[in-house]
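Here the structure comes first, spelled out in structure tokens, and everything after it is commentary.
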Amino acid sequence: MSRGAAGRAAIIGIGATEFSKDSGRTPMELAVESCEAALADAGLPAEKVDGMVTFSAEQNLEIEIARNLRIPALRHFSMVPHGGGAACGTIGQAAAAVHAGSADYVLCYRAFNERSWHRFGSGVQGRHGGAESFDISFSWTSPFGLLTPASWVAMFATRYMHQYGATSEDFGRVAVADRRHAANNPAAFFHEQPITLADHQESRWIVEPLRLLDCCQESDGGQALLVTTVERARDLAPTPAVIAAAAQGATDDQQAMRSYYRDNIAAIPEMGLCARQLWEATGLGPDDIQVANIYDHFTPLVLPQLEEFGFCRRGEAADFLRDGNIELGGRLPINTNGGQLGEAYIHGMNGIAEAVRQIRGTSVNQVDGVEHALVTAGTSVPTSALILGQDS
Amino acid sequence: MADSDTPLGGRPGSAGVNPGEEKAEFLAALCAQVGATGKPWTARDPVSEPVIRAWCDAMADGNPLYTSPDRAAAGPYGGIVAPPAMLQVWTMVGLHLGGPPERAVEDTPSAGVYQLLDDAGFVGVVATNATYSYDRLLRPGHLLTGTQTLAEVSEEKSTGLGVGHFVTTETLYTDQDGNRVGSMTLRILKFRPGTGRQGPEDDTAEERPVRPRPATNRSTDWFWDGCRAGQLRIQACDDCGHLQHPPAVRCLSCGGADLGHTIASGRGTLYSWAVPHYPQAPAFDYPLVVGLVELEEGVRLVSNVTGVRPDQLNVEMPLELHWLDTDDDTTLHQFRPAAPRRRDSTLAAGELEVGHRLPLSPVPIDTLLIVSTALATRDFQDVHHDPDAARAKGTPDIFMNILTSCGIVSRWIGDWAGPDVGWQSIDLRLGAPNHPGDTMTLSGSVTAVKSADGHDLVTVGFEGANSLGTHVSGTAELVFGDLPGGEA
Ligand SMILES: [Zn+2]
């Protein structure tokens, strides 16, 4: 997103399907339903929509959704690559588009049956053979049995533990916080199902050092968000969640999920790049953030994200977690919807919707006096992040 | 004595529940000679340097006190000594003019028991436990005599290998002057092939799918060609010398387009690791150890780490390269714990504490090792060199003999302790067999230290694990510092 767009666009509608393990519907039905819900939330007729942004991983083409919603004309459509790393990038690109005038109302969406259809966690077992760069990239890991997202991330987790003395229990504290927050959230798959640290420690290995309860869910569901300019947003009923800034990042020797070859793999430099852009564009700092949705496909990578944004010093996130800072009432409550471990794994888009609710004051785990909410997108891939703020 | 704690998973046999008169009679016959002591059996040849050298070559034991006259002369014993682990070797019957020599039942009471068991179909044989105690050092010229006592024959037991009987013998060794030099307690299992829990080989097992093959193109095929040629190639910039992995089409340091490769030494350290448990792809064995290896040339690559259990992984542990053929035209680089170096100077008394860990040592098992060590220990049992005979006796392939398990464990402990270490005893318990193609990784730690009069009596607990489980475990008692009682 260009710096000029900072603070000039807002999220004015949010809509989701229920989150489940078996939706009983096609992903296209989920996509259309969630877009309809976002438009209903905003009170905007579909024919006003003229832009759509989604993930390059999305299987529901924007033209098919537009056909179903009877959107007559799309002036801006784009896709953001790299899986869950795209989440905040879609909002950033929508904000840039409405600020630049290439569209007035942009729907950002993601919908899938990644539990009941193709299971996301199953990874790339069958992939080999092609000669394109993307196929080649798997040759350095797949023959050795690193085939799943959990296995790719485990390599970072082990090094982080070695370098900074974090433990499996520290990772567990993220899961416990997520599930505690989810327990209050009727929309969460794990509503009223909190866990203890002991539950975490007793859960089986998926890929050492990751346990089952370190891994996010695989979910069926859809989430859509409607972006427009702040001025247009003011004409609609909901409280605008101003996009104070959004940023994308890819850095040195970047690989998809497997940036194993750079100097320090216990850090997330692409998230650090996002953080610097957000602080520069807004003039804000860590002390100005009251609540955050920190991408939690696997708990270990929550820790270095807290460090990249300066909520604690490098290598000290485990101490930050031990002090209870990420729970309700703590310094920085995170994932107040339950996160992707507790609510649902919609590739980070449901986390952005929760940040909108925190700005509106309508979260089931509402934090007092929220001026700014931070959201991060998928880690270990080129990523993105954003800050939402109140309309002044 | 119950054998329910045997490493082969023995449990009280059904014989106890419904013995049957026939079984009772058979057991009585087996036990008839228990307590009997055979005639002393004197070795044909004295302890000699060539036989020591052949043993050291097969075991890869480089202790100069065993083979280097000059170093040995300058050492604590003033000359060549035999490895203590060879104690049993000298009186092994071996071959005489092409066949095993006749030994009368009254010479070795166990021979009669074995014959009865063979005749009853208990033709399978494995050693399960051995305890050696060493009283005197052996030097070239010593002529040993062994005297065997039949200590025990068990009732029928069900074990993982099959239904059988354990036979325990005790052998006392003396030198030509009648001095006691050591003793051995040996327990072997004679079992009926095909009655084990694994049962006969399963021919219906589906053929295992191959691992995902690397995708290649002209920018990377040189890497995989190198693997097939046994070379771990790293992309190198012709202009600035920068090394990089995974390969790219430009130098990531200077931007140069002229890229070649260098060949890595194969030495590195573990930078990070992951152990997938779930989901399991059928091409792999789980738990699977995947390492991020930092080569000594400074680049990292993902590889499997073999010969190590997940709980033995340590970031920064030294690793060494080996290769795995995964299909007809794919060879993958693999790493395993680097073989530890032999210590030249012996650890001193006071240097060791309980909990001190010995370095991991992977021992690749192949036919050459099993056969050459069987010969070097003068063990001509067919199960150690003849695959068909081994299969007929209920095991899938030839397997390592217990004298070699003892020899390899002793070599590894000696390499860690240093050449002058004194040996008091070693106690071994055998489990999963070492078959060709497997790797046994030795691990261990100091479990007790007793200090007295300038020496430490140190107990080492050890384990050698292969893909089937624990091959060997046990303890060794070592002396560091001034040897008690001076030169034996
Ligand atoms: Zn260069």
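We label chains A, B, ... in the order they appear in the structure tokens, count residues from 1 in each chain, and number ligands from 1 in the order shown.
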
Write out as an MDAnalysis selection string each polymer residue (protein, DNA or RNA) that has an atom no more than 8 Å from ligand 1, with only C-alpha atoms and all ligand atoms counted.
chainID B and resid 236:242 250:257

Counting only C-alpha atoms, a student should be able to say which residues of chain B come within 7 Å of chain A; what is the right answer, written as a PyMOL selection string?
chain B and resi 211-217+272-279+290+300+302-304

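Across region 81-316 of chain B, DSSP run on the backbone finds alpha helix (DSSP H) at Pro109, Ser110, Ala111, Gly112, Val113, Tyr114, Gln115, Leu116, Leu117, Asp118, Asp119, Asp221, Trp222, Phe223, Trp224, Asp225, Gly226, Cys227 and Arg228 of chain B.
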
Would you mind listing what lies within 8 Å of region 234-242 of chain A as a compact mmCIF listing (two decimals) with N, CA and C atoms, in the first residue's frame, with only C-alpha atoms counted and same-chain residues fewer than 3 positions away left out?
# COMPACT_ATOMS: atom_id res chain seq x y z
N GLY A 7 -4.41 5.64 6.23
CA GLY A 7 -5.48 6.35 6.91
C GLY A 7 -6.57 6.88 6.00
N ARG A 8 -6.52 6.53 4.71
CA ARG A 8 -7.51 7.09 3.77
C ARG A 8 -8.60 6.09 3.39
N ALA A 9 -8.42 4.83 3.80
CA ALA A 9 -9.42 3.81 3.46
C ALA A 9 -9.86 3.12 4.74
N ALA A 10 -10.99 2.41 4.67
CA ALA A 10 -11.52 1.76 5.87
C ALA A 10 -12.19 0.44 5.49
N ILE A 11 -12.26 -0.45 6.48
CA ILE A 11 -13.07 -1.66 6.32
C ILE A 11 -14.45 -1.32 6.89
N ILE A 12 -15.46 -1.48 6.05
CA ILE A 12 -16.79 -1.03 6.45
C ILE A 12 -17.79 -2.18 6.54
N GLY A 13 -17.37 -3.37 6.00
CA GLY A 13 -18.27 -4.52 6.10
C GLY A 13 -17.47 -5.78 6.36
N ASP A 41 -23.72 -6.45 6.07
CA ASP A 41 -23.18 -5.77 7.25
C ASP A 41 -22.97 -4.30 6.97
N ALA A 42 -22.46 -4.01 5.79
CA ALA A 42 -22.19 -2.62 5.43
C ALA A 42 -23.46 -1.90 4.98
N GLY A 43 -24.45 -2.67 4.55
CA GLY A 43 -25.64 -2.04 3.99
C GLY A 43 -25.41 -1.51 2.59
N LEU A 44 -24.53 -2.19 1.84
CA LEU A 44 -24.20 -1.73 0.49
C LEU A 44 -24.78 -2.71 -0.53
N VAL A 230 -12.42 6.26 3.42
CA VAL A 230 -12.99 6.68 4.70
C VAL A 230 -14.22 7.55 4.47
N GLU A 231 -14.14 8.42 3.45
CA GLU A 231 -15.27 9.32 3.19
C GLU A 231 -16.52 8.53 2.82
N VAL A 356 -11.57 -5.62 13.23
CA VAL A 356 -12.64 -4.67 12.93
C VAL A 356 -13.63 -4.61 14.10
N ILE A 359 -12.27 -2.59 16.89
CA ILE A 359 -12.38 -1.15 16.63
C ILE A 359 -13.83 -0.69 16.84
N ARG A 360 -14.77 -1.53 16.40
CA ARG A 360 -16.19 -1.17 16.56
C ARG A 360 -16.64 -1.26 18.02
N LEU A 388 -5.37 -1.24 12.13
CA LEU A 388 -6.66 -0.57 12.02
C LEU A 388 -6.79 0.44 13.16
N GLY A 389 -7.48 1.55 12.87
CA GLY A 389 -7.66 2.59 13.89
C GLY A 389 -9.07 3.15 13.86
N GLN A 390 -9.38 3.96 14.89
CA GLN A 390 -10.68 4.63 14.96
C GLN A 390 -10.73 5.78 13.95
N ASP A 391 -11.93 6.07 13.48
CA ASP A 391 -12.13 7.23 12.61
C ASP A 391 -12.14 8.48 13.49

Residues near Ala432 (chain B), cut-off 9 Å, only C-alpha atoms, skip fewer than 6 positions along chain, as a list in words
Pro7, Leu8, Ala465, Asn466, Ser467, Leu468, Gly469, Thr470, His471 and Val472 of chain B

If you count only C-alpha atoms, which residues fall within 9 Å of Leu189 (chain B), apart from same-chain ones fewer than 3 positions away, as a PyMOL selection string?
chain B and resi 124-128+164-168

Non-local contacts of Cys216 (chain A) (7 Å; only C-alpha atoms; under 4 positions in same chain excluded) as a ChimeraX atom specification
/A:296-298,340-341,345

Store the residues picked out above in a file with C-alpha atoms, as a short mmCIF file (atom, residue, chain, number, x, y, z; two decimals), in the first residue's frame.
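Done, and the output landed in again-v1.cif:
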data_model
loop_
_atom_site.label_atom_id
_atom_site.label_comp_id
_atom_site.auth_asym_id
_atom_site.auth_seq_id
_atom_site.Cartn_x
_atom_site.Cartn_y
_atom_site.Cartn_z
CA ASP A 296 -0.97 -18.49 14.52
CA HIS A 297 -0.92 -21.31 11.97
CA PHE A 298 1.68 -22.82 14.32
CA GLN A 340 -6.78 -19.92 14.05
CA LEU A 341 -6.31 -22.56 16.73
CA TYR A 345 -8.28 -21.24 10.01
#

Find the spatial neighbours of Glu62 (chain A), counting only C-alpha atoms, within a cut-off of 12 Å - ignore same-chain residues fewer than 6 positions away - and output them as a PyMOL selection string.
chain A and resi 28+31-32+35+49-56+68-71+73-79+106-111

Going by DSSP on the backbone, which residues of region 256-325 of chain B come out as strand (DSSP E or B)? List them as a PyMOL selection string.
chain B and resi 259-263+267-276+290-295+300-305+318-325

Taking only C-alpha atoms into account, produce a table as a tab-separated table in which each residue of region 386-438 of chain B with an atom at most 10 Å from an atom of region 80-94 of chain B appears once, together with its shortest atom pair and the distance in Å to one decimal, ordered by chain and rising number.
residue	atom	partner	partner_atom	distance
B:Leu403	CA	B:Ala85	CA	7.7
B:Thr404	CA	B:Ala85	CA	8.8
B:Ser405	CA	B:Ala85	CA	9.8
B:Cys406	CA	B:Ala85	CA	6.4
B:Gly407	CA	B:Ala85	CA	5.5
B:Ile408	CA	B:Ala85	CA	9.0
B:Val409	CA	B:Ala85	CA	9.2
B:Ser410	CA	B:Ala85	CA	6.7
B:Arg411	CA	B:Ala85	CA	8.7
B:Gly414	CA	B:Pro83	CA	9.9
B:Gly422	CA	B:Pro84	CA	9.2
B:Trp423	CA	B:Pro84	CA	7.0
B:Gln424	CA	B:Pro84	CA	8.9
B:Ser425	CA	B:Pro84	CA	8.8
B:Ile426	CA	B:Ala85	CA	8.5

Would you compute the distance between CA of Pro194 (chain A) and CA of Val176 (chain A)? Give it in Å to one decimal.
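About the pair CA of Pro194 (chain A) and CA of Val176 (chain A): they are 7.2 Å apart.
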